[in-house]
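Okay, run33.txt now, which holds compact mmCIF, C-alpha atoms:
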```
# COMPACT_ATOMS: atom_id res chain seq x y z
CA MET A 1411 -90.63 207.68 86.90
CA LYS A 1412 -94.25 207.98 85.91
CA ASP A 1413 -95.86 205.13 87.66
CA TYR A 1414 -95.24 203.09 90.79
CA THR A 1415 -95.92 199.93 88.81
CA GLU A 1416 -92.68 200.55 86.88
CA LEU A 1417 -90.58 200.00 90.00
CA SER A 1418 -88.15 197.11 89.79
CA CYS A 1419 -87.56 194.53 92.53
CA LEU A 1420 -84.26 196.18 93.39
CA GLN A 1421 -85.95 199.55 93.76
CA LEU A 1422 -88.71 198.11 95.94
CA ASP A 1423 -86.05 196.49 98.13
CA ALA A 1424 -84.28 199.82 98.46
CA LEU A 1425 -87.52 201.47 99.54
CA ARG A 1426 -88.14 198.70 102.06
CA GLU A 1427 -84.67 199.36 103.42
CA ILE A 1428 -85.61 203.01 103.96
CA GLY A 1429 -88.57 201.82 105.99
CA ASN A 1430 -86.32 199.51 107.97
CA ILE A 1431 -83.84 202.20 108.94
CA GLY A 1432 -86.44 204.84 109.68
CA ALA A 1433 -88.72 202.58 111.66
CA GLY A 1434 -85.85 200.93 113.53
CA ASN A 1435 -84.78 204.28 114.92
CA ALA A 1436 -88.36 205.30 115.63
CA ALA A 1437 -88.98 202.05 117.54
CA THR A 1438 -85.92 202.74 119.72
CA ALA A 1439 -87.15 206.26 120.47
CA LEU A 1440 -90.60 204.95 121.32
CA ALA A 1441 -89.14 202.25 123.59
CA GLN A 1442 -87.15 204.84 125.54
CA MET A 1443 -90.21 207.01 125.90
CA VAL A 1444 -92.46 204.30 127.31
CA GLN A 1445 -89.69 202.28 128.95
CA ALA A 1446 -90.89 199.03 127.46
CA LYS A 1447 -89.62 196.74 124.74
CA ILE A 1448 -90.99 197.82 121.37
CA ASP A 1449 -90.80 195.49 118.41
CA MET A 1450 -91.39 196.42 114.83
CA SER A 1451 -92.66 194.42 111.92
CA VAL A 1452 -90.63 193.96 108.75
CA PRO A 1453 -91.65 197.02 106.76
CA GLU A 1454 -94.05 196.38 103.92
CA VAL A 1455 -93.88 198.24 100.66
CA ASN A 1456 -97.33 198.45 99.19
CA ILE A 1457 -98.54 200.05 96.00
CA LEU A 1458 -102.25 200.27 96.54
CA PRO A 1459 -105.35 201.75 94.95
CA PHE A 1460 -106.82 204.38 97.34
CA ASP A 1461 -109.65 202.19 98.42
CA ASP A 1462 -107.32 199.50 99.74
CA VAL A 1463 -105.35 201.80 102.05
CA PRO A 1464 -107.91 201.79 104.93
CA LYS A 1465 -107.84 197.97 104.85
CA LEU A 1466 -104.26 198.10 106.16
CA VAL A 1467 -105.62 199.25 109.53
CA GLY A 1468 -108.68 197.01 109.55
CA GLY A 1469 -111.27 198.90 107.49
CA ALA A 1470 -112.60 202.34 106.65
CA ASP A 1471 -114.90 202.68 109.67
CA VAL A 1472 -112.53 201.40 112.35
CA PRO A 1473 -112.08 204.10 115.01
CA VAL A 1474 -108.48 205.24 115.20
CA CYS A 1475 -106.36 208.03 116.49
CA GLY A 1476 -104.50 209.51 113.53
CA LEU A 1477 -101.55 211.88 113.35
CA TYR A 1478 -100.67 213.57 110.12
CA PHE A 1479 -97.37 215.23 109.19
CA ALA A 1480 -96.58 216.92 105.90
CA VAL A 1481 -93.06 216.15 104.68
CA SER A 1482 -91.13 218.87 102.86
CA GLY A 1483 -87.54 219.64 101.86
CA SER A 1484 -85.83 217.65 99.10
CA ILE A 1485 -88.95 215.51 98.75
CA THR A 1486 -92.64 215.95 99.55
CA GLY A 1487 -95.01 213.44 101.01
CA SER A 1488 -97.15 212.52 103.97
CA ILE A 1489 -96.61 210.66 107.17
CA LEU A 1490 -99.55 209.13 109.00
CA PHE A 1491 -99.32 207.39 112.33
CA MET A 1492 -102.53 205.56 113.18
CA LEU A 1493 -103.37 203.78 116.41
CA PRO A 1494 -106.51 201.98 117.51
CA ILE A 1495 -108.17 204.27 120.07
CA GLU A 1496 -107.69 201.96 123.05
CA ARG A 1497 -103.99 201.69 122.14
CA ALA A 1498 -103.69 205.45 122.05
CA ASN A 1499 -105.16 205.54 125.56
CA LEU A 1500 -102.65 202.94 126.76
CA LEU A 1501 -99.82 204.90 125.19
CA VAL A 1502 -100.91 207.98 127.15
CA ASP A 1503 -101.03 205.86 130.33
CA MET A 1504 -97.47 204.66 129.68
CA VAL A 1505 -96.01 208.07 128.94
CA LEU A 1506 -97.71 209.79 131.87
CA GLY A 1507 -96.98 206.91 134.27
CA ARG A 1508 -100.68 206.30 134.88
CA ASN A 1509 -102.11 202.88 135.64
CA ASN A 1510 -103.28 200.90 132.61
CA GLY A 1511 -106.83 201.90 131.76
CA GLU A 1512 -106.74 205.23 133.54
CA THR A 1513 -106.97 207.19 130.31
CA ALA A 1514 -110.30 205.70 129.36
CA ALA A 1515 -112.23 208.63 128.01
CA GLY A 1516 -110.31 208.77 124.75
CA ILE A 1517 -107.98 211.43 123.49
CA SER A 1518 -110.32 214.20 124.50
CA GLY A 1519 -108.36 216.35 126.91
CA ASP A 1520 -105.63 218.80 125.96
CA LEU A 1521 -103.04 216.92 127.98
CA GLU A 1522 -103.81 213.58 126.31
CA ALA A 1523 -103.79 215.19 122.87
CA SER A 1524 -100.42 216.81 123.62
CA VAL A 1525 -98.95 213.50 124.73
CA ILE A 1526 -100.07 211.72 121.57
CA MET A 1527 -98.83 214.55 119.36
CA GLU A 1528 -95.47 214.54 121.11
CA VAL A 1529 -95.12 210.80 120.66
CA GLY A 1530 -95.94 211.29 116.99
CA ASN A 1531 -93.42 214.11 116.72
CA ILE A 1532 -90.67 211.96 118.13
CA ILE A 1533 -91.50 208.95 115.97
CA SER A 1534 -91.78 210.88 112.71
CA GLY A 1535 -88.79 213.07 113.53
CA THR A 1536 -86.62 210.05 114.29
CA TYR A 1537 -87.82 208.28 111.19
CA LEU A 1538 -87.00 211.20 108.91
CA ASN A 1539 -83.71 211.88 110.64
CA ALA A 1540 -82.54 208.34 109.99
CA LEU A 1541 -83.75 208.58 106.43
CA SER A 1542 -81.99 211.88 105.99
CA CYS A 1543 -78.65 210.55 107.28
CA PHE A 1544 -78.91 207.57 104.97
CA THR A 1545 -79.88 209.43 101.81
CA GLN A 1546 -78.31 212.86 102.41
CA LEU A 1547 -81.69 214.38 101.53
CA ARG A 1548 -83.01 217.36 103.46
CA LEU A 1549 -86.25 216.32 105.12
CA LEU A 1550 -88.56 218.39 107.28
CA THR A 1551 -91.88 217.70 108.95
CA SER A 1552 -94.78 219.98 109.74
CA VAL A 1553 -96.27 220.22 113.21
CA PRO A 1554 -98.60 217.29 113.89
CA ALA A 1555 -102.31 217.36 113.12
CA LEU A 1556 -104.46 215.09 115.26
CA ALA A 1557 -107.81 213.51 114.54
CA THR A 1558 -109.69 210.75 116.34
CA ASP A 1559 -112.27 209.19 114.08
CA MET A 1560 -112.90 206.56 111.38
CA ALA A 1561 -109.71 205.40 109.63
CA GLY A 1562 -111.20 206.02 106.19
CA ALA A 1563 -112.25 209.54 107.08
CA ILE A 1564 -108.76 210.37 108.33
CA LEU A 1565 -107.17 208.96 105.18
CA ASN A 1566 -109.56 210.82 102.82
CA GLY A 1567 -108.00 214.24 103.00
CA VAL A 1568 -104.45 212.93 102.99
CA LEU A 1569 -105.08 210.82 99.88
CA ALA A 1570 -107.03 213.64 98.22
CA GLN A 1571 -103.82 215.66 98.18
CA VAL A 1572 -102.23 213.24 95.75
CA GLY A 1573 -105.50 212.15 94.16
CA GLY A 1574 -105.23 214.63 91.30
CA VAL A 1575 -102.06 213.04 90.02
CA VAL A 1576 -102.26 209.34 90.79
CA ASP A 1577 -104.71 206.52 91.38
CA ASP A 1578 -102.37 204.48 93.53
CA VAL A 1579 -100.27 205.37 96.49
CA LEU A 1580 -96.93 204.03 97.69
CA VAL A 1581 -97.19 203.11 101.34
CA LEU A 1582 -94.30 202.06 103.55
CA LYS A 1583 -96.04 200.46 106.47
CA THR A 1584 -94.51 199.39 109.77
CA MET A 1585 -96.33 198.00 112.75
CA PHE A 1586 -95.01 198.72 116.23
CA THR A 1587 -95.82 196.20 118.92
CA ARG A 1588 -95.17 196.18 122.61
CA GLU A 1589 -93.75 192.99 124.11
CA ASP A 1590 -95.02 190.77 121.30
CA ARG A 1591 -98.70 191.27 121.93
CA ASP A 1592 -100.11 194.75 121.85
CA ILE A 1593 -100.26 196.52 118.54
CA VAL A 1594 -99.12 200.05 119.21
CA GLY A 1595 -99.76 201.56 115.83
CA HIS A 1596 -99.32 201.66 112.08
CA PHE A 1597 -96.81 204.03 110.59
CA PHE A 1598 -97.31 205.10 106.98
CA MET A 1599 -94.81 207.00 104.91
CA MET A 1600 -96.29 208.09 101.59
CA PRO A 1601 -93.86 209.92 99.32
CA ASP A 1602 -95.52 211.89 96.52
CA SER A 1603 -95.06 210.36 93.09
CA GLU A 1604 -92.93 213.31 91.91
CA SER A 1605 -90.48 212.67 94.75
CA LEU A 1606 -89.94 209.04 93.92
CA SER A 1607 -87.10 209.56 91.45
CA THR A 1608 -85.32 211.87 93.94
CA ILE A 1609 -85.47 209.13 96.57
CA LEU A 1610 -84.37 206.42 94.17
CA GLN A 1611 -81.48 208.56 92.97
CA ALA A 1612 -80.35 209.20 96.54
CA LEU A 1613 -80.45 205.45 97.11
CA GLY A 1614 -78.42 204.86 93.95
CA VAL A 1615 -81.05 202.72 92.25
CA ASN A 1616 -82.49 205.20 89.78
CA CYS A 1617 -82.30 203.14 86.62
CA MET B 991 -132.94 189.02 99.72
CA GLU B 992 -131.46 192.39 100.50
CA ASN B 993 -127.81 193.10 99.80
CA ILE B 994 -125.67 195.95 100.99
CA ILE B 995 -123.34 197.05 98.24
CA GLN B 996 -120.06 198.62 99.38
CA VAL B 997 -118.81 201.68 97.56
CA GLY B 998 -115.11 202.46 98.02
CA MET B 999 -113.15 205.69 97.75
CA ALA B 1000 -113.40 207.08 94.20
CA GLU B 1001 -116.00 204.51 93.16
CA LEU B 1002 -119.55 204.75 91.85
CA LYS B 1003 -122.12 201.98 92.25
CA ILE B 1004 -125.73 201.38 91.38
CA ALA B 1005 -128.44 199.53 93.29
CA THR B 1006 -132.10 198.68 92.86
CA ALA B 1007 -134.37 198.10 95.88
CA PRO B 1008 -134.32 196.12 98.12
CA ASN B 1009 -130.54 196.46 97.82
CA LYS B 1010 -128.79 199.31 99.60
CA LEU B 1011 -125.58 201.23 99.02
CA LEU B 1012 -122.99 201.82 101.75
CA THR B 1013 -119.84 203.85 101.90
CA ALA B 1014 -117.71 203.80 105.05
CA GLY B 1015 -115.47 206.46 106.52
CA LEU B 1016 -116.27 209.59 104.55
CA GLY B 1017 -113.97 212.39 105.70
CA SER B 1018 -113.29 215.22 103.30
CA CYS B 1019 -114.79 213.04 100.55
CA ILE B 1020 -118.46 213.31 99.66
CA GLY B 1021 -121.07 210.65 99.08
CA ILE B 1022 -123.43 211.79 96.34
CA CYS B 1023 -126.64 209.75 96.45
CA VAL B 1024 -129.14 210.11 93.63
CA CYS B 1025 -132.49 208.36 93.64
CA SER B 1026 -135.14 207.74 91.03
CA PRO B 1027 -138.25 207.23 93.19
CA ALA B 1028 -140.37 205.73 90.40
CA HIS B 1029 -137.79 203.02 89.72
CA GLN B 1030 -136.57 202.65 93.32
CA PHE B 1031 -133.16 202.82 91.79
CA GLY B 1032 -130.17 204.68 93.20
CA VAL B 1033 -126.58 205.65 92.52
CA LEU B 1034 -123.90 206.41 95.11
CA ALA B 1035 -120.64 208.09 94.10
CA HIS B 1036 -117.80 208.56 96.60
CA ILE B 1037 -115.87 211.54 95.23
CA MET B 1038 -112.48 212.73 96.54
CA LEU B 1039 -111.77 215.98 94.70
CA PRO B 1040 -113.74 218.99 93.43
CA SER B 1041 -112.57 219.19 89.84
CA SER B 1042 -111.08 217.00 87.14
CA THR B 1043 -109.88 219.98 85.13
CA GLN B 1044 -106.86 220.58 87.38
CA SER B 1045 -105.93 216.94 87.30
CA LYS B 1046 -103.28 215.31 85.19
CA ARG B 1047 -104.97 211.99 85.55
CA ALA B 1048 -108.73 212.26 85.24
CA HIS B 1049 -109.76 208.94 83.71
CA ASN B 1050 -111.57 207.76 86.84
CA LYS B 1051 -114.76 209.80 86.60
CA ALA B 1052 -116.03 208.76 90.02
CA LYS B 1053 -113.10 210.52 91.71
CA PHE B 1054 -114.13 214.11 90.88
CA ALA B 1055 -117.28 216.07 91.64
CA ASP B 1056 -117.75 217.41 88.09
CA THR B 1057 -117.28 214.14 86.19
CA ALA B 1058 -119.08 212.00 88.80
CA VAL B 1059 -122.22 214.12 88.49
CA ASP B 1060 -122.18 213.65 84.70
CA LEU B 1061 -121.67 209.93 85.14
CA ILE B 1062 -124.61 209.73 87.57
CA MET B 1063 -126.83 211.47 85.02
CA GLU B 1064 -125.73 209.03 82.30
CA GLU B 1065 -126.61 206.07 84.52
CA MET B 1066 -130.00 207.58 85.38
CA ILE B 1067 -130.85 208.12 81.70
CA LYS B 1068 -129.62 204.64 80.82
CA LYS B 1069 -132.05 203.20 83.36
CA GLY B 1070 -134.89 205.24 81.90
CA ALA B 1071 -135.35 207.55 84.88
CA ASN B 1072 -137.49 210.64 84.49
CA VAL B 1073 -134.75 213.23 85.08
CA SER B 1074 -137.19 215.83 86.37
CA LYS B 1075 -138.16 213.46 89.21
CA ILE B 1076 -134.73 212.39 90.41
CA TYR B 1077 -133.19 213.99 93.47
CA ALA B 1078 -129.91 214.01 95.37
CA LYS B 1079 -128.77 213.79 98.97
CA ILE B 1080 -125.18 214.48 99.91
CA ALA B 1081 -123.02 213.83 102.99
CA GLY B 1082 -119.36 214.27 103.94
CA GLY B 1083 -117.01 217.15 103.24
CA ALA B 1084 -115.58 217.33 106.74
CA GLN B 1085 -112.30 218.85 107.79
CA MET B 1086 -110.68 216.11 109.81
CA PHE B 1087 -107.53 217.85 110.96
CA LYS B 1088 -107.54 221.08 112.86
CA PHE B 1089 -104.17 222.27 111.71
CA VAL B 1090 -102.06 221.10 108.80
CA GLY B 1091 -99.80 224.01 108.04
CA GLU B 1092 -100.16 225.79 104.74
CA SER B 1093 -101.34 222.81 102.80
CA SER B 1094 -104.49 222.75 100.69
CA ILE B 1095 -105.59 219.71 102.67
CA MET B 1096 -107.08 222.35 104.98
CA ASN B 1097 -110.29 223.08 103.14
CA ILE B 1098 -110.63 220.22 100.71
CA GLY B 1099 -113.87 219.06 102.34
CA GLN B 1100 -115.51 222.44 101.99
CA ARG B 1101 -114.33 222.78 98.40
CA ASN B 1102 -115.74 219.34 97.64
CA ALA B 1103 -119.14 220.27 99.09
CA LEU B 1104 -119.33 223.50 97.08
CA ALA B 1105 -118.31 221.74 93.86
CA VAL B 1106 -120.87 218.95 94.32
CA GLU B 1107 -123.67 221.47 94.89
CA GLU B 1108 -122.57 223.54 91.92
CA HIS B 1109 -122.42 220.61 89.50
CA LEU B 1110 -125.70 219.05 90.62
CA LYS B 1111 -127.30 222.43 90.00
CA ARG B 1112 -125.61 222.72 86.59
CA ILE B 1113 -127.03 219.42 85.48
CA GLY B 1114 -130.44 220.06 87.01
CA ILE B 1115 -130.58 217.50 89.83
CA LYS B 1116 -132.38 218.85 92.87
CA ILE B 1117 -130.62 218.51 96.25
CA VAL B 1118 -133.23 217.67 98.88
CA ALA B 1119 -130.96 217.08 101.88
CA THR B 1120 -127.35 217.63 102.90
CA ASP B 1121 -125.19 216.75 105.85
CA THR B 1122 -121.80 218.26 105.17
CA GLY B 1123 -118.96 219.94 107.04
CA GLY B 1124 -117.90 219.48 110.65
CA ASN B 1125 -114.74 217.73 111.78
CA PHE B 1126 -115.97 214.15 111.97
CA GLY B 1127 -116.20 211.11 109.71
CA ARG B 1128 -119.42 209.63 108.39
CA THR B 1129 -120.51 206.16 107.30
CA ILE B 1130 -123.61 206.35 105.13
CA VAL B 1131 -126.25 203.86 103.95
CA PHE B 1132 -128.53 204.83 101.09
CA ASP B 1133 -131.83 203.05 100.54
CA PRO B 1134 -133.13 203.48 96.97
CA LYS B 1135 -136.54 202.14 98.04
CA THR B 1136 -137.34 205.04 100.38
CA GLY B 1137 -134.61 207.49 99.40
CA ASP B 1138 -133.50 207.51 103.04
CA LEU B 1139 -129.88 208.30 103.73
CA LYS B 1140 -128.74 207.00 107.10
CA ILE B 1141 -125.65 208.63 108.58
CA ARG B 1142 -123.53 207.11 111.35
CA THR B 1143 -120.73 208.95 113.12
CA ILE B 1144 -118.41 208.37 116.07
CA GLY B 1145 -119.53 210.65 118.87
CA HIS B 1146 -121.70 212.92 116.71
CA GLY B 1147 -124.89 210.92 116.68
CA GLU B 1148 -126.90 209.06 114.08
CA ARG B 1149 -129.46 210.56 111.78
CA THR B 1150 -131.50 209.90 108.68
CA ILE B 1151 -131.92 212.60 106.09
```

I'd like the structure from this file rewritten - as structure tokens, please.
Amino acid sequence: MKDYTELSCLQLDALREIGNIGAGNAATALAQMVQAKIDMSVPEVNILPFDDVPKLVGGADVPVCGLYFAVSGSITGSILFMLPIERANLLVDMVLGRNNGETAAGISGDLEASVIMEVGNIISGTYLNALSCFTQLRLLTSVPALATDMAGAILNGVLAQVGGVVDDVLVLKTMFTREDRDIVGHFFMMPDSESLSTILQALGVNC
Amino acid sequence: MENIIQVGMAELKIATAPNKLLTAGLGSCIGICVCSPAHQFGVLAHIMLPSSTQSKRAHNKAKFADTAVDLIMEEMIKKGANVSKIYAKIAGGAQMFKFVGESSIMNIGQRNALAVEEHLKRIGIKIVATDTGGNFGRTIVFDPKTGDLKIRTIGHGERTI
């Protein structure tokens, strides 16, 4: 597999199914954590030029809270969980049992940062666990790295990692929402291009 | 009528006054702005990586510091700029994440900044102002009329260099 554009419909469907299983489990974990109903969007499989990736979260200069995880094991790749800043604050409120709006100053304190990182840990861990059970691949994540800034700036370094090899990136995107209204965050799984055939083989669609 | 021309990740664009060039959300990437004051003409390249030589796929010249600088020079010469009078301003090259394990994502911003400076020097374009490093994103607007480079950040102030 040299290029994402060579993927067939069947292969894209298989990748979407990965997103479905991973995100479904992650949504359940998130719901238990915040004790609220969490819905998830139908996962999108996007093959995008770098410049279009920030548009998925509303533009390159939109302020977001971003969590990055490096994926290693049988495959390599990146996981990014991005939330609008005010949503990140609400998430902290929910987890810590504070009143809505109490965490107003942003993710500045150590406690708030820890909460967000832990939420990210659980979401990405659950996602990869589900994926691992389904594909029998060994998947590990790094500790989380947190940044609160412009979406484009956060994506830069992550995309630069694969930028030497490809011009497009495969993004499995899922949106988590709370009780049909509040967007909680965008979850991106970006397998490296070299790992694509490993994933497709594990899914039995490597042809 | 003044237009603001958007420059995306790994893109290079050209503008003549009164038009301006904008690139949003620079993290570890660098915005290289080169201005020909006599022509009020400017180029902005949004590079992602320090070198094309380690890349298996280097056809997009605006993506790498080394090839982008060459491309900027070509554009300047094409427009008839006096190459001894042109100058550069650069911004970006931050390290957005505090900790990312062993990965080379760690210092990509710093490596980008060093490479841009090195290649501008190689080709003989003078750098008159820089705003690089830190751990925050930058949105920049470059005005070829004045050569001003306006930098906006979230929580780290606004400045013009």

### Task
Counting all atoms listed in the file, figure out which residue out of B:Pro1134, B:Gly1114, B:Gly1070, B:Gly1145 gets nearest to chain A.
B:Gly1145

List as a PDB file with C-alpha atoms, in the coordinates of the input the protein and nucleic acid residues near Asn1435 in chain A, meaning an atom at most 7 Å away when only C-alpha atoms are counted, but skip any in the same chain fewer than 2 places from it.
```pdb
ATOM      1  CA  ILE A1431     -83.840 202.200 108.940  1.00  0.00           C
ATOM      2  CA  GLY A1432     -86.440 204.840 109.680  1.00  0.00           C
ATOM      3  CA  ALA A1433     -88.720 202.580 111.660  1.00  0.00           C
ATOM      4  CA  ALA A1437     -88.980 202.050 117.540  1.00  0.00           C
ATOM      5  CA  THR A1438     -85.920 202.740 119.720  1.00  0.00           C
ATOM      6  CA  ALA A1439     -87.150 206.260 120.470  1.00  0.00           C
ATOM      7  CA  THR A1536     -86.620 210.050 114.290  1.00  0.00           C
ATOM      8  CA  TYR A1537     -87.820 208.280 111.190  1.00  0.00           C
ATOM      9  CA  ALA A1540     -82.540 208.340 109.990  1.00  0.00           C
TER      10      ALA A1540
END
```

Within 7 Å of chain B, which residues of chain A show up when using all atoms listed in the file, listed as a JSON list (two decimals) with C-alpha atoms, in the frame of the given file?
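To be explicit, this is the file written out as iface32.json:
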```json
[["chain", "number", "residue", "atom", "x", "y", "z"],
["A", 1460, "PHE", "CA", -106.82, 204.38, 97.34],
["A", 1461, "ASP", "CA", -109.65, 202.19, 98.42],
["A", 1470, "ALA", "CA", -112.60, 202.34, 106.65],
["A", 1471, "ASP", "CA", -114.90, 202.68, 109.67],
["A", 1552, "SER", "CA", -94.78, 219.98, 109.74],
["A", 1555, "ALA", "CA", -102.31, 217.36, 113.12],
["A", 1556, "LEU", "CA", -104.46, 215.09, 115.26],
["A", 1557, "ALA", "CA", -107.81, 213.51, 114.54],
["A", 1559, "ASP", "CA", -112.27, 209.19, 114.08],
["A", 1560, "MET", "CA", -112.90, 206.56, 111.38],
["A", 1561, "ALA", "CA", -109.71, 205.40, 109.63],
["A", 1562, "GLY", "CA", -111.20, 206.02, 106.19],
["A", 1563, "ALA", "CA", -112.25, 209.54, 107.08],
["A", 1564, "ILE", "CA", -108.76, 210.37, 108.33],
["A", 1566, "ASN", "CA", -109.56, 210.82, 102.82],
["A", 1567, "GLY", "CA", -108.00, 214.24, 103.00],
["A", 1568, "VAL", "CA", -104.45, 212.93, 102.99],
["A", 1570, "ALA", "CA", -107.03, 213.64, 98.22],
["A", 1571, "GLN", "CA", -103.82, 215.66, 98.18],
["A", 1574, "GLY", "CA", -105.23, 214.63, 91.30],
["A", 1575, "VAL", "CA", -102.06, 213.04, 90.02],
["A", 1576, "VAL", "CA", -102.26, 209.34, 90.79]]
```

### Task
Work out how far CA of Ala1052 in chain B is from CA of Arg1101 in chain B, in Å to one decimal.
16.4 Å

### Query
Mind pulling up the distance from CA of Leu1521 in chain A to CA of Gly1507 in chain A?
13.3 Å

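From CA of His1036 in chain B back to CA of Leu1466 in chain A, the distance works out to 19.6 Å.
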
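Closest to Lys1079 in chain B among B:Ile1022, B:Ala1055, B:Ile1067, B:Ala1035 is B:Ile1022, based on all atoms listed in the file.
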
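Using all atoms listed in the file for every distance, the candidate list B:Gln1030, B:Gly1021, B:Leu1011, B:Met1066 yields B:Gly1021 as the residue closest to Glu1107 in chain B.
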
### Message
Taking 5 positions as the minimum chain separation for residues in the same chain, which residues sit within 7 Å of Asp1133 in chain B when counting all atoms listed in the file? Answer as a PyMOL selection string.
### Response
chain B and resi 1010-1011+1138-1139

Preceding selection exported with C-alpha atoms as a PDB file, in the frame of the given file:
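Result written to out.pdb:
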```
ATOM      1  CA  LYS B1010    -128.790 199.310  99.600  1.00  0.00           C
ATOM      2  CA  LEU B1011    -125.580 201.230  99.020  1.00  0.00           C
ATOM      3  CA  ASP B1138    -133.500 207.510 103.040  1.00  0.00           C
ATOM      4  CA  LEU B1139    -129.880 208.300 103.730  1.00  0.00           C
TER       5      LEU B1139
END
```

### Query
Residues at most 6 Å from range 1485-1499 of chain A, counting all atoms listed in the file, excluding those fewer than 4 positions away in the same chain, as a PyMOL selection string?
chain A and resi 1474-1481+1513+1594-1602+1605

Could you dump the residues just selected with C-alpha atoms as a PDB file, in the frame of the given file?
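Written out: selection-v2.pdb:
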```
ATOM      1  CA  VAL A1474    -108.480 205.240 115.200  1.00  0.00           C
ATOM      2  CA  CYS A1475    -106.360 208.030 116.490  1.00  0.00           C
ATOM      3  CA  GLY A1476    -104.500 209.510 113.530  1.00  0.00           C
ATOM      4  CA  LEU A1477    -101.550 211.880 113.350  1.00  0.00           C
ATOM      5  CA  TYR A1478    -100.670 213.570 110.120  1.00  0.00           C
ATOM      6  CA  PHE A1479     -97.370 215.230 109.190  1.00  0.00           C
ATOM      7  CA  ALA A1480     -96.580 216.920 105.900  1.00  0.00           C
ATOM      8  CA  VAL A1481     -93.060 216.150 104.680  1.00  0.00           C
ATOM      9  CA  THR A1513    -106.970 207.190 130.310  1.00  0.00           C
ATOM     10  CA  VAL A1594     -99.120 200.050 119.210  1.00  0.00           C
ATOM     11  CA  GLY A1595     -99.760 201.560 115.830  1.00  0.00           C
ATOM     12  CA  HIS A1596     -99.320 201.660 112.080  1.00  0.00           C
ATOM     13  CA  PHE A1597     -96.810 204.030 110.590  1.00  0.00           C
ATOM     14  CA  PHE A1598     -97.310 205.100 106.980  1.00  0.00           C
ATOM     15  CA  MET A1599     -94.810 207.000 104.910  1.00  0.00           C
ATOM     16  CA  MET A1600     -96.290 208.090 101.590  1.00  0.00           C
ATOM     17  CA  PRO A1601     -93.860 209.920  99.320  1.00  0.00           C
ATOM     18  CA  ASP A1602     -95.520 211.890  96.520  1.00  0.00           C
ATOM     19  CA  SER A1605     -90.480 212.670  94.750  1.00  0.00           C
TER      20      SER A1605
END
```

### Query
Quick one: residues within 12 Å of Gln1611 in chain A, only C-alpha atoms counted, chain neighbours fewer than 3 positions away excluded, as a PyMOL selection string?
chain A and resi 1411+1421+1424-1425+1484-1485+1545-1547+1605-1608+1614-1617

Please produce an output containing C-alpha atoms for each residue in the selection, written as a PDB file, in the coordinates of the input.
```pdb
ATOM      1  CA  MET A1411     -90.630 207.680  86.900  1.00  0.00           C
ATOM      2  CA  GLN A1421     -85.950 199.550  93.760  1.00  0.00           C
ATOM      3  CA  ALA A1424     -84.280 199.820  98.460  1.00  0.00           C
ATOM      4  CA  LEU A1425     -87.520 201.470  99.540  1.00  0.00           C
ATOM      5  CA  SER A1484     -85.830 217.650  99.100  1.00  0.00           C
ATOM      6  CA  ILE A1485     -88.950 215.510  98.750  1.00  0.00           C
ATOM      7  CA  THR A1545     -79.880 209.430 101.810  1.00  0.00           C
ATOM      8  CA  GLN A1546     -78.310 212.860 102.410  1.00  0.00           C
ATOM      9  CA  LEU A1547     -81.690 214.380 101.530  1.00  0.00           C
ATOM     10  CA  SER A1605     -90.480 212.670  94.750  1.00  0.00           C
ATOM     11  CA  LEU A1606     -89.940 209.040  93.920  1.00  0.00           C
ATOM     12  CA  SER A1607     -87.100 209.560  91.450  1.00  0.00           C
ATOM     13  CA  THR A1608     -85.320 211.870  93.940  1.00  0.00           C
ATOM     14  CA  GLY A1614     -78.420 204.860  93.950  1.00  0.00           C
ATOM     15  CA  VAL A1615     -81.050 202.720  92.250  1.00  0.00           C
ATOM     16  CA  ASN A1616     -82.490 205.200  89.780  1.00  0.00           C
ATOM     17  CA  CYS A1617     -82.300 203.140  86.620  1.00  0.00           C
TER      18      CYS A1617
END
```

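Restricting the calculation to all atoms listed in the file, the smallest distance between Ser1418 in chain A and any of A:Gly1573, A:Arg1508, A:Leu1610, A:Met1585 is found for A:Leu1610.
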
### Task
Just give me the residues with any atom within 6 Å of (-100.3, 204.8, 94.4), file coordinates, counting all atoms listed in the file, written as a PyMOL selection string.
chain A and resi 1457-1459+1577-1580

Work out where the centre of an axis-aligned box around every listed atom of range 1036-1051 of chain B lies and how long its edges are once 6 Å is added on each side; give both in Å to one decimal as lines of an AutoDock Vina configuration file.
```
center_x = -110.5
center_y = 214.2
center_z = 90.2
size_x = 26.5
size_y = 24.8
size_z = 24.9
```

### Query
Looking at A:Gln1445, A:Ser1603, A:Asn1456, A:Asn1509, which one is nearest to Gly1429 in chain A, with distances taken over only C-alpha atoms?
A:Asn1456

Nearby residues (only C-alpha atoms) at most 12 Å from Thr1136 in chain B, same-chain spacing under 5 positions excluded, as an mmCIF file with C-alpha atoms, in the coordinates of the input:
```cif
data_model
loop_
_atom_site.group_PDB
_atom_site.id
_atom_site.type_symbol
_atom_site.label_atom_id
_atom_site.label_comp_id
_atom_site.auth_asym_id
_atom_site.auth_seq_id
_atom_site.Cartn_x
_atom_site.Cartn_y
_atom_site.Cartn_z
ATOM 1 C CA THR B 1006 -132.100 198.680 92.860
ATOM 2 C CA ALA B 1007 -134.370 198.100 95.880
ATOM 3 C CA PRO B 1008 -134.320 196.120 98.120
ATOM 4 C CA ASN B 1009 -130.540 196.460 97.820
ATOM 5 C CA LYS B 1010 -128.790 199.310 99.600
ATOM 6 C CA VAL B 1024 -129.140 210.110 93.630
ATOM 7 C CA CYS B 1025 -132.490 208.360 93.640
ATOM 8 C CA SER B 1026 -135.140 207.740 91.030
ATOM 9 C CA PRO B 1027 -138.250 207.230 93.190
ATOM 10 C CA ALA B 1028 -140.370 205.730 90.400
ATOM 11 C CA HIS B 1029 -137.790 203.020 89.720
ATOM 12 C CA GLN B 1030 -136.570 202.650 93.320
ATOM 13 C CA PHE B 1031 -133.160 202.820 91.790
ATOM 14 C CA GLY B 1032 -130.170 204.680 93.200
ATOM 15 C CA VAL B 1131 -126.250 203.860 103.950
ATOM 16 C CA THR B 1150 -131.500 209.900 108.680
ATOM 17 C CA ILE B 1151 -131.920 212.600 106.090
#
```
